[in-house]
>>> print(open('my_file-v3.tsv').read())   # TSV, C-alpha atoms and all ligand atoms
chain	number	residue	atom	x	y	z
M	818	MET	CA	0.00	0.00	0.00
M	819	SER	CA	1.16	3.53	-0.78
M	820	ASN	CA	1.09	5.43	2.52
M	821	THR	CA	1.56	8.97	1.27
M	822	VAL	CA	0.22	9.95	-2.13
M	823	LEU	CA	0.84	13.22	-3.91
M	824	VAL	CA	-2.31	14.02	-5.90
M	825	THR	CA	-1.53	16.55	-8.61
M	826	GLY	CA	-4.52	18.36	-10.07
M	827	ALA	CA	-6.18	17.89	-6.69
M	828	THR	CA	-8.75	20.61	-7.39
M	829	GLY	CA	-9.57	19.19	-10.83
M	830	THR	CA	-12.29	16.89	-12.09
M	831	THR	CA	-10.67	13.60	-11.12
M	832	GLY	CA	-8.31	14.82	-8.38
M	833	ARG	CA	-10.96	16.30	-6.14
M	834	ARG	CA	-12.87	13.02	-6.27
M	835	LEU	CA	-9.75	10.94	-5.65
M	836	VAL	CA	-8.53	12.86	-2.57
M	837	PRO	CA	-11.44	11.89	-0.25
M	838	MET	CA	-11.47	8.31	-1.58
M	839	LEU	CA	-7.83	7.86	-0.61
M	840	ARG	CA	-8.29	9.56	2.77
M	841	ASP	CA	-11.29	7.32	3.54
M	842	ARG	CA	-9.02	4.35	2.98
M	843	GLY	CA	-6.38	5.55	5.42
M	844	VAL	CA	-3.94	7.00	2.92
M	845	THR	CA	-2.11	10.23	3.74
M	846	VAL	CA	-2.82	12.58	0.86
M	847	ARG	CA	-0.81	15.56	-0.25
M	848	ALA	CA	-3.30	17.52	-2.34
M	849	ALA	CA	-1.40	19.65	-4.83
M	850	SER	CA	-2.71	22.66	-6.69
M	851	ARG	CA	-1.30	26.06	-7.50
M	852	ASN	CA	-2.66	27.83	-4.44
M	853	GLY	CA	-2.34	24.86	-2.12
M	854	GLY	CA	-5.63	25.50	-0.34
M	855	ILE	CA	-6.34	24.33	3.18
M	856	GLY	CA	-4.30	21.26	4.05
M	857	GLY	CA	-2.85	21.07	0.55
M	858	VAL	CA	0.52	21.86	-0.93
M	859	ALA	CA	1.26	24.72	-3.32
M	860	PHE	CA	2.57	23.15	-6.51
M	861	ASP	CA	3.09	24.67	-9.92
M	862	TRP	CA	4.35	22.58	-12.82
M	863	HIS	CA	6.04	25.68	-14.19
M	864	ASP	CA	7.77	26.63	-10.95
M	865	ALA	CA	10.38	23.96	-10.17
M	866	ALA	CA	11.00	25.58	-6.77
M	867	THR	CA	7.63	24.14	-5.60
M	868	HIS	CA	8.47	20.55	-6.54
M	869	ALA	CA	10.78	19.40	-3.73
M	870	GLN	CA	8.31	20.27	-0.99
M	871	ALA	CA	5.52	18.46	-2.83
M	872	LEU	CA	7.64	15.31	-3.24
M	873	ALA	CA	9.19	15.06	0.24
M	874	GLY	CA	8.14	11.84	1.98
M	875	VAL	CA	5.84	10.76	-0.83
M	876	ASP	CA	5.46	7.08	-1.86
M	877	ALA	CA	3.28	7.51	-4.95
M	878	ILE	CA	2.04	10.19	-7.34
M	879	TYR	CA	-1.26	10.62	-9.16
M	880	LEU	CA	-0.10	12.59	-12.15
M	881	ILE	CA	-2.25	15.04	-14.10
M	882	PRO	CA	0.03	16.66	-16.67
M	883	PRO	CA	0.21	20.46	-16.94
M	884	PRO	CA	-2.91	21.61	-18.79
M	885	LEU	CA	-3.02	22.62	-22.46
M	886	MET	CA	0.52	21.49	-23.30
M	887	GLU	CA	0.60	19.29	-26.39
M	888	ASP	CA	3.92	17.93	-25.17
M	889	PRO	CA	4.27	18.22	-21.40
M	890	THR	CA	7.33	15.95	-21.33
M	891	PRO	CA	9.93	18.73	-20.95
M	892	VAL	CA	8.16	19.74	-17.73
M	893	VAL	CA	7.15	16.30	-16.44
M	894	ALA	CA	10.31	14.27	-17.19
M	895	PRO	CA	12.59	16.32	-14.89
M	896	PHE	CA	9.89	16.16	-12.21
M	897	LEU	CA	9.86	12.35	-12.47
M	898	ALA	CA	13.65	12.28	-12.15
M	899	GLU	CA	13.36	14.44	-9.04
M	900	ALA	CA	10.69	12.09	-7.71
M	901	VAL	CA	13.00	9.07	-8.11
M	902	ALA	CA	15.78	10.94	-6.32
M	903	ALA	CA	13.34	11.86	-3.52
M	904	GLY	CA	12.49	8.17	-2.95
M	905	VAL	CA	9.06	8.06	-4.62
M	906	LYS	CA	8.20	4.52	-5.73
M	907	ARG	CA	5.15	4.78	-7.96
M	908	VAL	CA	3.29	6.92	-10.43
M	909	VAL	CA	-0.23	6.64	-11.86
M	910	LEU	CA	-0.59	8.76	-14.99
M	911	LEU	CA	-3.92	10.09	-16.23
M	912	SER	CA	-3.44	9.79	-19.98
M	913	SER	CA	-6.13	9.46	-22.66
M	914	MET	CA	-7.65	6.80	-24.90
M	915	GLY	CA	-6.69	9.09	-27.78
M	916	VAL	CA	-3.06	7.99	-27.45
M	917	ALA	CA	-3.98	4.75	-29.19
M	918	PHE	CA	-6.28	6.17	-31.88
M	919	PRO	CA	-5.13	5.25	-35.41
M	920	GLY	CA	-4.37	8.84	-36.47
M	921	GLU	CA	-2.12	9.53	-33.49
M	922	PRO	CA	1.37	10.57	-34.65
M	923	ALA	CA	4.15	8.33	-33.32
M	924	ASP	CA	5.84	11.40	-31.86
M	925	SER	CA	2.77	13.06	-30.32
M	926	GLY	CA	3.30	14.80	-27.01
M	927	ARG	CA	1.08	12.43	-25.09
M	928	ARG	CA	2.90	9.40	-26.51
M	929	LYS	CA	6.18	10.97	-25.41
M	930	LEU	CA	4.67	11.58	-21.98
M	931	GLU	CA	3.62	7.93	-21.59
M	932	ALA	CA	7.10	6.85	-22.72
M	933	ALA	CA	8.68	9.17	-20.14
M	934	VAL	CA	6.52	7.65	-17.40
M	935	ARG	CA	7.37	4.08	-18.50
M	936	GLY	CA	11.06	4.94	-18.59
M	937	SER	CA	11.10	6.95	-15.38
M	938	GLY	CA	12.40	4.20	-13.12
M	939	LEU	CA	9.20	4.43	-11.05
M	940	GLN	CA	6.65	1.62	-10.92
M	941	TRP	CA	3.96	2.92	-13.24
M	942	THR	CA	0.32	2.49	-14.19
M	943	ILE	CA	-1.24	4.38	-17.09
M	944	LEU	CA	-4.95	5.19	-17.23
M	945	ARG	CA	-6.42	5.93	-20.65
M	946	PRO	CA	-9.98	7.18	-20.18
M	947	SER	CA	-12.48	7.96	-22.93
M	948	GLY	CA	-14.31	11.32	-22.79
M	949	PHE	CA	-15.46	12.53	-19.37
M	950	MET	CA	-19.22	12.81	-18.77
M	951	GLN	CA	-18.34	15.81	-16.61
M	952	ASN	CA	-17.36	17.75	-19.76
M	953	PHE	CA	-21.12	18.39	-19.94
M	954	SER	CA	-21.63	19.33	-16.29
M	955	GLU	CA	-18.34	20.83	-15.07
M	956	GLY	CA	-16.27	21.44	-18.18
M	957	PHE	CA	-16.26	23.43	-21.38
M	958	LEU	CA	-19.65	22.15	-22.59
M	959	VAL	CA	-21.73	23.55	-19.70
M	960	PRO	CA	-22.74	26.80	-21.47
M	961	ALA	CA	-23.57	24.88	-24.66
M	962	VAL	CA	-25.84	22.49	-22.77
M	963	ARG	CA	-27.57	25.37	-21.00
M	964	HIS	CA	-28.18	27.03	-24.36
M	965	GLY	CA	-29.46	23.76	-25.82
M	966	GLY	CA	-26.89	23.37	-28.61
M	967	ILE	CA	-23.90	21.03	-28.21
M	968	PRO	CA	-21.17	21.47	-30.86
M	969	ASN	CA	-20.56	18.13	-32.55
M	970	PRO	CA	-17.65	17.55	-34.92
M	971	ALA	CA	-17.86	13.78	-34.32
M	972	GLY	CA	-21.01	13.04	-36.32
M	973	ASN	CA	-22.57	9.74	-35.31
M	974	GLY	CA	-19.34	8.30	-33.98
M	975	LYS	CA	-19.89	6.47	-30.74
M	976	VAL	CA	-17.98	6.67	-27.50
M	977	ALA	CA	-18.50	5.09	-24.08
M	978	MET	CA	-18.06	8.23	-22.01
M	979	ILE	CA	-16.91	7.74	-18.44
M	980	ASP	CA	-17.92	9.35	-15.16
M	981	ALA	CA	-14.92	11.00	-13.44
M	982	GLU	CA	-16.02	9.26	-10.24
M	983	ASP	CA	-15.10	5.94	-11.89
M	984	ILE	CA	-11.70	7.25	-12.99
M	985	ALA	CA	-11.03	8.28	-9.41
M	986	ARG	CA	-12.14	4.87	-8.11
M	987	VAL	CA	-9.77	3.09	-10.48
M	988	ALA	CA	-6.95	5.50	-9.64
M	989	ALA	CA	-7.53	4.88	-5.92
M	990	ALA	CA	-7.41	1.11	-6.44
M	991	THR	CA	-4.20	1.28	-8.45
M	992	LEU	CA	-2.55	3.54	-5.87
M	993	ILE	CA	-3.66	1.41	-2.92
M	994	ASP	CA	-2.70	-1.93	-4.43
M	995	PRO	CA	0.32	-1.14	-6.59
M	996	ALA	CA	1.60	-4.70	-6.93
M	997	MET	CA	-1.48	-5.75	-8.93
M	998	HIS	CA	-1.31	-2.81	-11.33
M	999	ALA	CA	2.37	-2.09	-11.92
M	1000	GLY	CA	3.31	-1.97	-15.60
M	1001	GLN	CA	-0.34	-1.92	-16.75
M	1002	THR	CA	-2.00	0.43	-19.24
M	1003	TYR	CA	-5.76	0.48	-18.85
M	1004	ASP	CA	-8.45	1.78	-21.21
M	1005	LEU	CA	-11.22	3.17	-19.00
M	1006	THR	CA	-14.74	3.65	-20.34
M	1007	GLY	CA	-18.34	3.88	-19.31
M	1008	PRO	CA	-20.71	0.97	-19.88
M	1009	GLU	CA	-22.46	2.00	-23.12
M	1010	LEU	CA	-21.64	3.28	-26.58
M	1011	LEU	CA	-23.54	6.46	-27.41
M	1012	ASP	CA	-23.20	9.11	-30.10
M	1013	PHE	CA	-23.59	12.82	-29.40
M	1014	ASP	CA	-27.26	12.80	-30.42
M	1015	ASP	CA	-27.91	10.06	-27.84
M	1016	LEU	CA	-26.08	12.14	-25.23
M	1017	ALA	CA	-28.06	15.28	-26.09
M	1018	ARG	CA	-31.32	13.31	-25.88
M	1019	GLY	CA	-30.30	11.96	-22.48
M	1020	ILE	CA	-29.69	15.46	-21.16
M	1021	ALA	CA	-32.93	16.81	-22.70
M	1022	GLN	CA	-34.88	14.03	-21.03
M	1023	VAL	CA	-33.68	14.93	-17.56
M	1024	THR	CA	-33.87	18.71	-17.99
M	1025	GLN	CA	-37.17	18.64	-19.90
M	1026	ARG	CA	-35.63	21.31	-22.15
M	1027	PRO	CA	-34.66	21.07	-25.81
M	1028	VAL	CA	-31.02	20.05	-26.22
M	1029	ALA	CA	-29.65	19.14	-29.63
M	1030	THR	CA	-26.27	18.73	-31.27
M	1031	MET	CA	-24.91	21.29	-33.72
M	1032	PRO	CA	-23.04	19.43	-36.48
M	1033	MET	CA	-19.71	21.09	-37.14
M	1034	GLU	CA	-17.00	20.76	-39.78
M	1035	PRO	CA	-13.52	19.96	-38.43
M	1036	GLN	CA	-12.18	23.42	-39.35
M	1037	GLN	CA	-15.09	25.12	-37.56
M	1038	PHE	CA	-14.34	23.09	-34.44
M	1039	LEU	CA	-10.68	24.05	-34.63
M	1040	ALA	CA	-11.53	27.74	-34.95
M	1041	MET	CA	-13.95	27.54	-32.02
M	1042	VAL	CA	-11.42	25.87	-29.74
M	1043	GLU	CA	-8.59	28.24	-30.68
M	1044	GLN	CA	-10.89	31.20	-30.15
M	1045	ALA	CA	-11.45	29.92	-26.60
M	1046	GLY	CA	-7.70	30.33	-25.99
M	1047	VAL	CA	-6.48	26.79	-26.57
M	1048	PRO	CA	-2.98	26.72	-28.15
M	1049	ALA	CA	-3.00	25.62	-31.81
M	1050	ASP	CA	-1.05	22.36	-31.31
M	1051	TYR	CA	-3.30	21.29	-28.42
M	1052	ALA	CA	-6.41	22.26	-30.42
M	1053	ALA	CA	-5.16	20.09	-33.29
M	1054	MET	CA	-4.90	17.16	-30.89
M	1055	LEU	CA	-8.47	17.73	-29.67
M	1056	LEU	CA	-9.63	17.80	-33.28
M	1057	ARG	CA	-7.77	14.55	-34.05
M	1058	ASP	CA	-9.69	12.91	-31.21
M	1059	GLN	CA	-13.03	14.14	-32.53
M	1060	VAL	CA	-12.26	12.93	-36.04
M	1061	ALA	CA	-11.18	9.57	-34.65
M	1062	ILE	CA	-14.44	9.32	-32.70
M	1063	ARG	CA	-16.36	10.18	-35.88
M	1064	ASP	CA	-14.51	7.40	-37.69
M	1065	GLY	CA	-15.31	4.79	-35.05
M	1066	ALA	CA	-11.97	4.57	-33.24
M	1067	ALA	CA	-13.54	5.22	-29.82
M	1068	ALA	CA	-16.22	2.54	-30.11
M	1069	ILE	CA	-14.74	0.58	-27.24
M	1070	VAL	CA	-16.37	-0.63	-24.03
M	1071	ALA	CA	-13.80	-1.81	-21.52
M	1072	ASP	CA	-14.57	-3.82	-18.39
M	1073	THR	CA	-11.72	-2.23	-16.45
M	1074	VAL	CA	-13.80	-0.01	-14.14
M	1075	ALA	CA	-15.73	-2.98	-12.75
M	1076	ARG	CA	-12.71	-5.25	-12.75
M	1077	ILE	CA	-10.40	-2.84	-10.93
M	1078	SER	CA	-12.76	-0.82	-8.74
M	1079	GLY	CA	-15.19	-3.64	-7.98
M	1080	ARG	CA	-18.19	-1.49	-8.99
M	1081	ARG	CA	-20.13	-1.35	-12.23
M	1082	ALA	CA	-19.27	1.71	-14.31
M	1083	ILE	CA	-21.74	4.60	-13.95
M	1084	ASP	CA	-24.06	4.93	-16.96
M	1085	PHE	CA	-25.07	8.18	-18.66
M	1086	THR	CA	-28.62	8.11	-17.27
M	1087	THR	CA	-27.32	7.96	-13.71
M	1088	PHE	CA	-24.85	10.75	-14.47
M	1089	THR	CA	-27.51	13.05	-15.96
M	1090	ALA	CA	-29.83	12.51	-12.99
M	1091	GLN	CA	-27.07	13.70	-10.65
M	1092	ALA	CA	-25.88	16.54	-12.88
M	1093	ALA	CA	-29.33	17.95	-13.76
M	1094	PRO	CA	-29.27	20.86	-11.25
M	1095	VAL	CA	-26.24	22.32	-13.04
M	1096	TRP	CA	-28.20	22.63	-16.29
M	1097	MET	CA	-31.42	23.86	-14.66
M	1098	SER	CA	-29.80	26.86	-12.94
H	1101	LIG	N1	-11.99	15.82	-20.34
H	1101	LIG	C1	-11.90	14.71	-21.04
H	1101	LIG	O1	-12.84	14.27	-21.69
H	1101	LIG	C2	-10.60	13.92	-20.99
H	1101	LIG	C3	-10.55	12.69	-21.65
H	1101	LIG	C4	-9.36	11.94	-21.58
H	1101	LIG	C5	-8.27	12.43	-20.88
H	1101	LIG	N2	-8.35	13.66	-20.26
H	1101	LIG	C6	-7.17	14.17	-19.57
H	1101	LIG	O2	-7.48	14.51	-18.24
H	1101	LIG	C7	-6.54	15.47	-17.80
H	1101	LIG	C8	-7.24	16.51	-16.96
H	1101	LIG	O3	-7.63	15.88	-15.74
H	1101	LIG	P1	-8.75	16.48	-14.80
H	1101	LIG	O4	-9.97	16.69	-15.68
H	1101	LIG	O5	-8.86	15.65	-13.60
H	1101	LIG	O6	-8.14	17.88	-14.43
H	1101	LIG	P2	-8.76	19.32	-14.66
H	1101	LIG	O7	-10.17	19.35	-14.13
H	1101	LIG	O8	-8.49	19.73	-16.07
H	1101	LIG	O9	-7.92	20.19	-13.66
H	1101	LIG	C9	-6.58	20.54	-13.90
H	1101	LIG	C10	-5.87	20.53	-12.56
H	1101	LIG	O10	-4.53	20.94	-12.78
H	1101	LIG	C11	-4.24	22.00	-11.88
H	1101	LIG	N3	-3.32	22.93	-12.53
H	1101	LIG	C12	-3.59	23.80	-13.53
H	1101	LIG	N4	-2.46	24.44	-13.90
H	1101	LIG	C13	-1.48	23.96	-13.10
H	1101	LIG	C14	-0.09	24.22	-12.98
H	1101	LIG	N5	0.53	25.14	-13.75
H	1101	LIG	N6	0.61	23.55	-12.04
H	1101	LIG	C15	0.02	22.65	-11.24
H	1101	LIG	N7	-1.28	22.35	-11.30
H	1101	LIG	C16	-2.02	23.00	-12.22
H	1101	LIG	C17	-5.55	22.65	-11.52
H	1101	LIG	O11	-5.48	23.16	-10.22
H	1101	LIG	P3	-5.38	24.71	-9.86
H	1101	LIG	O12	-5.98	25.47	-11.02
H	1101	LIG	O13	-6.16	24.80	-8.60
H	1101	LIG	O14	-3.92	24.93	-9.69
H	1101	LIG	C18	-6.48	21.45	-11.53
H	1101	LIG	O15	-6.48	20.81	-10.28
H	1101	LIG	C19	-5.90	16.09	-19.04
H	1101	LIG	O16	-4.54	15.71	-19.11
H	1101	LIG	C20	-6.68	15.46	-20.19
H	1101	LIG	O17	-5.88	15.18	-21.30
H	1101	LIG	C21	-9.49	14.40	-20.29
>>> encode(input="my_file-v3.tsv", output="structure tokens")
Amino acid sequence: MSNTVLVTGATGTTGRRLVPMLRDRGVTVRAASRNGGIGGVAFDWHDAATHAQALAGVDAIYLIPPPLMEDPTPVVAPFLAEAVAAGVKRVVLLSSMGVAFPGEPADSGRRKLEAAVRGSGLQWTILRPSGFMQNFSEGFLVPAVRHGGIPNPAGNGKVAMIDAEDIARVAAATLIDPAMHAGQTYDLTGPELLDFDDLARGIAQVTQRPVATMPMEPQQFLAMVEQAGVPADYAAMLLRDQVAIRDGAAAIVADTVARISGRRAIDFTTFTAQAAPVWMS
């Protein structure tokens, strides 16, 4: 068992769910975010002076890479080397299913990141989730859902979106029982394949408001994302994922959530029932 776990991205979608799960199971958690917060540690990927304090006395790391960097390796690799030197034993990386999509360049940033983790000298586990259901309720799609029009560059491509709660459960299991999960790369998905029209219908049903998808050409999607401030290389990666979904690459249902966490993966109907108040406000 990992006794002290550094959770990076502890205020984020998966991290803030993981922190209490680990604490409930008797793990000492160092919750890292830029302002540290109460009981947390101030940690900035881009300020190496914050790294030693975050790593001191830590057995394992839950690693969320620095946001919006197409290739975070130049920042993360030195951090992993520092972790090894500080006596850390394990790392669990939150990666993405997109790493294995057919159109993914061999030298993409996220492939380099996975390679850096595998070569770090730490015991590693890599989690490759599909799209997060919380994109609709906590992420960039909230305003679109409230306005009843969800941008859709993925056509009728299907994806088994996952609830962030399930990602956190799997992460907790892999951190608590490292021996079982060392050297493993896991696809993580929800239980059902749905296209964006199905997802919009599911949200409309619970909100009793019209919600539809807005079909979008790839270039329109790219322009929209870049306009929102996303760097061009990262936006291109997001577009690649959408095109891959459109072309069927994400039509995968994995049994990993149930197998690793011991609980059936949360379905979209259950998610929408919980998330509804966000869309009704
Ligand atoms: N959304 C999806 O559908 C999806 C699908 C597959 C994979 N993923 C992957 O999931 C990851 C995101 O995970 P998440 O959703 O749990 O996180 P998130 O909600 O995007 O939150 C990002 C976290 O990083 C922290 N952060 C931001 N800038 C930082 C910096 N400079 N230094 C240190 N910490 C910083 C933030 O905390 P503060 O702002 O408080 O510092 C926050 O806790 C991404 O790598 C993405 O590729 C997402």
>>> residues_near_ligand(input="my_file-v3.tsv", ligand="ligand LIG 1101 (chain H)", cutoff="6 Å", atoms="all atoms listed in the file", output="list of chain:residue names")
M:Gly826, M:Ala827, M:Thr828, M:Gly829, M:Thr830, M:Thr831, M:Gly832, M:Ser850, M:Arg851, M:Phe860, M:Asp861, M:Trp862, M:His863, M:Ile881, M:Pro882, M:Pro883, M:Pro884, M:Ser912, M:Ser913, M:Pro946, M:Ser947, M:Gly948, M:Phe949, M:Asn952
>>> closest_residue(input="my_file-v3.tsv", among="M:Arg847, M:His998, M:Arg1076, M:Lys975", to="Val1060 in chain M", atoms="all atoms listed in the file")
M:Lys975
>>> closest_residue(input="my_file-v3.tsv", among="M:Gly920, M:Gly965, M:Gly926, M:Gly874", to="Val901 in chain M", atoms="all atoms listed in the file")
M:Gly874
>>> closest_residue(input="my_file-v3.tsv", among="M:Leu1011, M:Met1054, M:Ala873, M:Leu1005", to="Val858 in chain M", atoms="all atoms listed in the file")
M:Ala873
>>> residues_around(input="my_file-v3.tsv", residues="Ala859 in chain M", least_positions_apart="5", cutoff="8 Å", atoms="only C-alpha atoms", output="list of chain:residue names")
M:Ala849, M:Ser850, M:Arg851, M:Asn852, M:Gly853, M:Gly854, M:Thr867, M:Ala871
>>> closest_atom_pairs(input="my_file-v3.tsv", of="range 930-1016 of chain M", to="range 834-843 of chain M", cutoff="7 Å", atoms="only C-alpha atoms", output="Markdown table")
| residue | atom | partner | partner_atom | distance |
| --- | --- | --- | --- | --- |
| M:Glu982 | CA | M:Arg834 | CA | 6.3 |
| M:Ala985 | CA | M:Leu835 | CA | 4.8 |
| M:Arg986 | CA | M:Leu835 | CA | 7.0 |
| M:Ala989 | CA | M:Leu839 | CA | 6.1 |
>>> atom_distance(input="my_file-v3.tsv", atom1="CA of Glu955 in chain M", atom2="CA of Ala1092 in chain M")
8.9 Å
>>> residues_around(input="my_file-v3.tsv", residues="Arg935 in chain M", least_positions_apart="2", cutoff="12 Å", atoms="all atoms listed in the file", output="list in words")
Ala894, Leu897, Arg907, Val908, Val909, Leu910, Arg928, Lys929, Leu930, Glu931, Ala932, Ala933, Ser937, Gly938, Leu939, Gln940, Trp941, Thr942, Ile943, Ala999, Gly1000, Gln1001 and Thr1002 of chain M
>>> write_last_selection(input="my_file-v3.tsv", atoms="C-alpha atoms", output="PDB file, in the frame of the given file")
ATOM      1  CA  ALA M 894      10.310  14.270 -17.190  1.00  0.00           C
ATOM      2  CA  LEU M 897       9.860  12.350 -12.470  1.00  0.00           C
ATOM      3  CA  ARG M 907       5.150   4.780  -7.960  1.00  0.00           C
ATOM      4  CA  VAL M 908       3.290   6.920 -10.430  1.00  0.00           C
ATOM      5  CA  VAL M 909      -0.230   6.640 -11.860  1.00  0.00           C
ATOM      6  CA  LEU M 910      -0.590   8.760 -14.990  1.00  0.00           C
ATOM      7  CA  ARG M 928       2.900   9.400 -26.510  1.00  0.00           C
ATOM      8  CA  LYS M 929       6.180  10.970 -25.410  1.00  0.00           C
ATOM      9  CA  LEU M 930       4.670  11.580 -21.980  1.00  0.00           C
ATOM     10  CA  GLU M 931       3.620   7.930 -21.590  1.00  0.00           C
ATOM     11  CA  ALA M 932       7.100   6.850 -22.720  1.00  0.00           C
ATOM     12  CA  ALA M 933       8.680   9.170 -20.140  1.00  0.00           C
ATOM     13  CA  SER M 937      11.100   6.950 -15.380  1.00  0.00           C
ATOM     14  CA  GLY M 938      12.400   4.200 -13.120  1.00  0.00           C
ATOM     15  CA  LEU M 939       9.200   4.430 -11.050  1.00  0.00           C
ATOM     16  CA  GLN M 940       6.650   1.620 -10.920  1.00  0.00           C
ATOM     17  CA  TRP M 941       3.960   2.920 -13.240  1.00  0.00           C
ATOM     18  CA  THR M 942       0.320   2.490 -14.190  1.00  0.00           C
ATOM     19  CA  ILE M 943      -1.240   4.380 -17.090  1.00  0.00           C
ATOM     20  CA  ALA M 999       2.370  -2.090 -11.920  1.00  0.00           C
ATOM     21  CA  GLY M1000       3.310  -1.970 -15.600  1.00  0.00           C
ATOM     22  CA  GLN M1001      -0.340  -1.920 -16.750  1.00  0.00           C
ATOM     23  CA  THR M1002      -2.000   0.430 -19.240  1.00  0.00           C
TER      24      THR M1002
END
>>> build_atoms(input="my_file-v3.tsv", residues="range 991-1010 of chain M", atoms="N, CA and C atoms", output="PDB file, in the frame of the given file")
ATOM      1  N   THR M 991      -5.557   1.529  -7.944  1.00  0.00           N
ATOM      2  CA  THR M 991      -4.200   1.280  -8.450  1.00  0.00           C
ATOM      3  C   THR M 991      -3.148   1.869  -7.509  1.00  0.00           C
ATOM      4  N   LEU M 992      -3.504   2.945  -6.818  1.00  0.00           N
ATOM      5  CA  LEU M 992      -2.550   3.540  -5.870  1.00  0.00           C
ATOM      6  C   LEU M 992      -2.486   2.735  -4.576  1.00  0.00           C
ATOM      7  N   ILE M 993      -3.616   2.133  -4.186  1.00  0.00           N
ATOM      8  CA  ILE M 993      -3.660   1.410  -2.920  1.00  0.00           C
ATOM      9  C   ILE M 993      -3.059   0.016  -3.054  1.00  0.00           C
ATOM     10  N   ASP M 994      -3.214  -0.570  -4.226  1.00  0.00           N
ATOM     11  CA  ASP M 994      -2.700  -1.930  -4.430  1.00  0.00           C
ATOM     12  C   ASP M 994      -1.737  -1.964  -5.604  1.00  0.00           C
ATOM     13  N   PRO M 995      -0.580  -1.307  -5.452  1.00  0.00           N
ATOM     14  CA  PRO M 995       0.320  -1.140  -6.590  1.00  0.00           C
ATOM     15  C   PRO M 995       0.793  -2.442  -7.207  1.00  0.00           C
ATOM     16  N   ALA M 996       1.003  -3.477  -6.400  1.00  0.00           N
ATOM     17  CA  ALA M 996       1.600  -4.700  -6.930  1.00  0.00           C
ATOM     18  C   ALA M 996       0.753  -5.277  -8.062  1.00  0.00           C
ATOM     19  N   MET M 997      -0.572  -5.168  -7.923  1.00  0.00           N
ATOM     20  CA  MET M 997      -1.480  -5.750  -8.930  1.00  0.00           C
ATOM     21  C   MET M 997      -1.470  -4.972 -10.241  1.00  0.00           C
ATOM     22  N   HIS M 998      -1.091  -3.685 -10.168  1.00  0.00           N
ATOM     23  CA  HIS M 998      -1.310  -2.810 -11.330  1.00  0.00           C
ATOM     24  C   HIS M 998      -0.035  -2.249 -11.941  1.00  0.00           C
ATOM     25  N   ALA M 999       1.107  -2.620 -11.393  1.00  0.00           N
ATOM     26  CA  ALA M 999       2.370  -2.090 -11.920  1.00  0.00           C
ATOM     27  C   ALA M 999       2.568  -2.554 -13.355  1.00  0.00           C
ATOM     28  N   GLY M1000       3.008  -1.616 -14.214  1.00  0.00           N
ATOM     29  CA  GLY M1000       3.310  -1.970 -15.600  1.00  0.00           C
ATOM     30  C   GLY M1000       2.074  -2.165 -16.460  1.00  0.00           C
ATOM     31  N   GLN M1001       0.903  -1.721 -15.978  1.00  0.00           N
ATOM     32  CA  GLN M1001      -0.340  -1.920 -16.750  1.00  0.00           C
ATOM     33  C   GLN M1001      -0.813  -0.607 -17.375  1.00  0.00           C
ATOM     34  N   THR M1002      -1.355  -0.706 -18.576  1.00  0.00           N
ATOM     35  CA  THR M1002      -2.000   0.430 -19.240  1.00  0.00           C
ATOM     36  C   THR M1002      -3.453   0.044 -19.438  1.00  0.00           C
ATOM     37  N   TYR M1003      -4.347   0.847 -18.842  1.00  0.00           N
ATOM     38  CA  TYR M1003      -5.760   0.480 -18.850  1.00  0.00           C
ATOM     39  C   TYR M1003      -6.596   1.472 -19.655  1.00  0.00           C
ATOM     40  N   ASP M1004      -7.360   0.983 -20.640  1.00  0.00           N
ATOM     41  CA  ASP M1004      -8.450   1.780 -21.210  1.00  0.00           C
ATOM     42  C   ASP M1004      -9.549   1.845 -20.160  1.00  0.00           C
ATOM     43  N   LEU M1005     -10.108   3.024 -19.946  1.00  0.00           N
ATOM     44  CA  LEU M1005     -11.220   3.170 -19.000  1.00  0.00           C
ATOM     45  C   LEU M1005     -12.409   3.772 -19.734  1.00  0.00           C
ATOM     46  N   THR M1006     -13.546   3.124 -19.657  1.00  0.00           N
ATOM     47  CA  THR M1006     -14.740   3.650 -20.340  1.00  0.00           C
ATOM     48  C   THR M1006     -15.961   3.484 -19.452  1.00  0.00           C
ATOM     49  N   GLY M1007     -17.034   4.143 -19.878  1.00  0.00           N
ATOM     50  CA  GLY M1007     -18.340   3.880 -19.310  1.00  0.00           C
ATOM     51  C   GLY M1007     -18.894   2.586 -19.884  1.00  0.00           C
ATOM     52  N   PRO M1008     -20.171   2.285 -19.531  1.00  0.00           N
ATOM     53  CA  PRO M1008     -20.710   0.970 -19.880  1.00  0.00           C
ATOM     54  C   PRO M1008     -21.424   0.897 -21.223  1.00  0.00           C
ATOM     55  N   GLU M1009     -21.613   2.058 -21.923  1.00  0.00           N
ATOM     56  CA  GLU M1009     -22.460   2.000 -23.120  1.00  0.00           C
ATOM     57  C   GLU M1009     -21.939   2.930 -24.205  1.00  0.00           C
ATOM     58  N   LEU M1010     -22.047   2.461 -25.440  1.00  0.00           N
ATOM     59  CA  LEU M1010     -21.640   3.280 -26.580  1.00  0.00           C
ATOM     60  C   LEU M1010     -22.791   4.184 -27.006  1.00  0.00           C
TER      61      LEU M1010
END
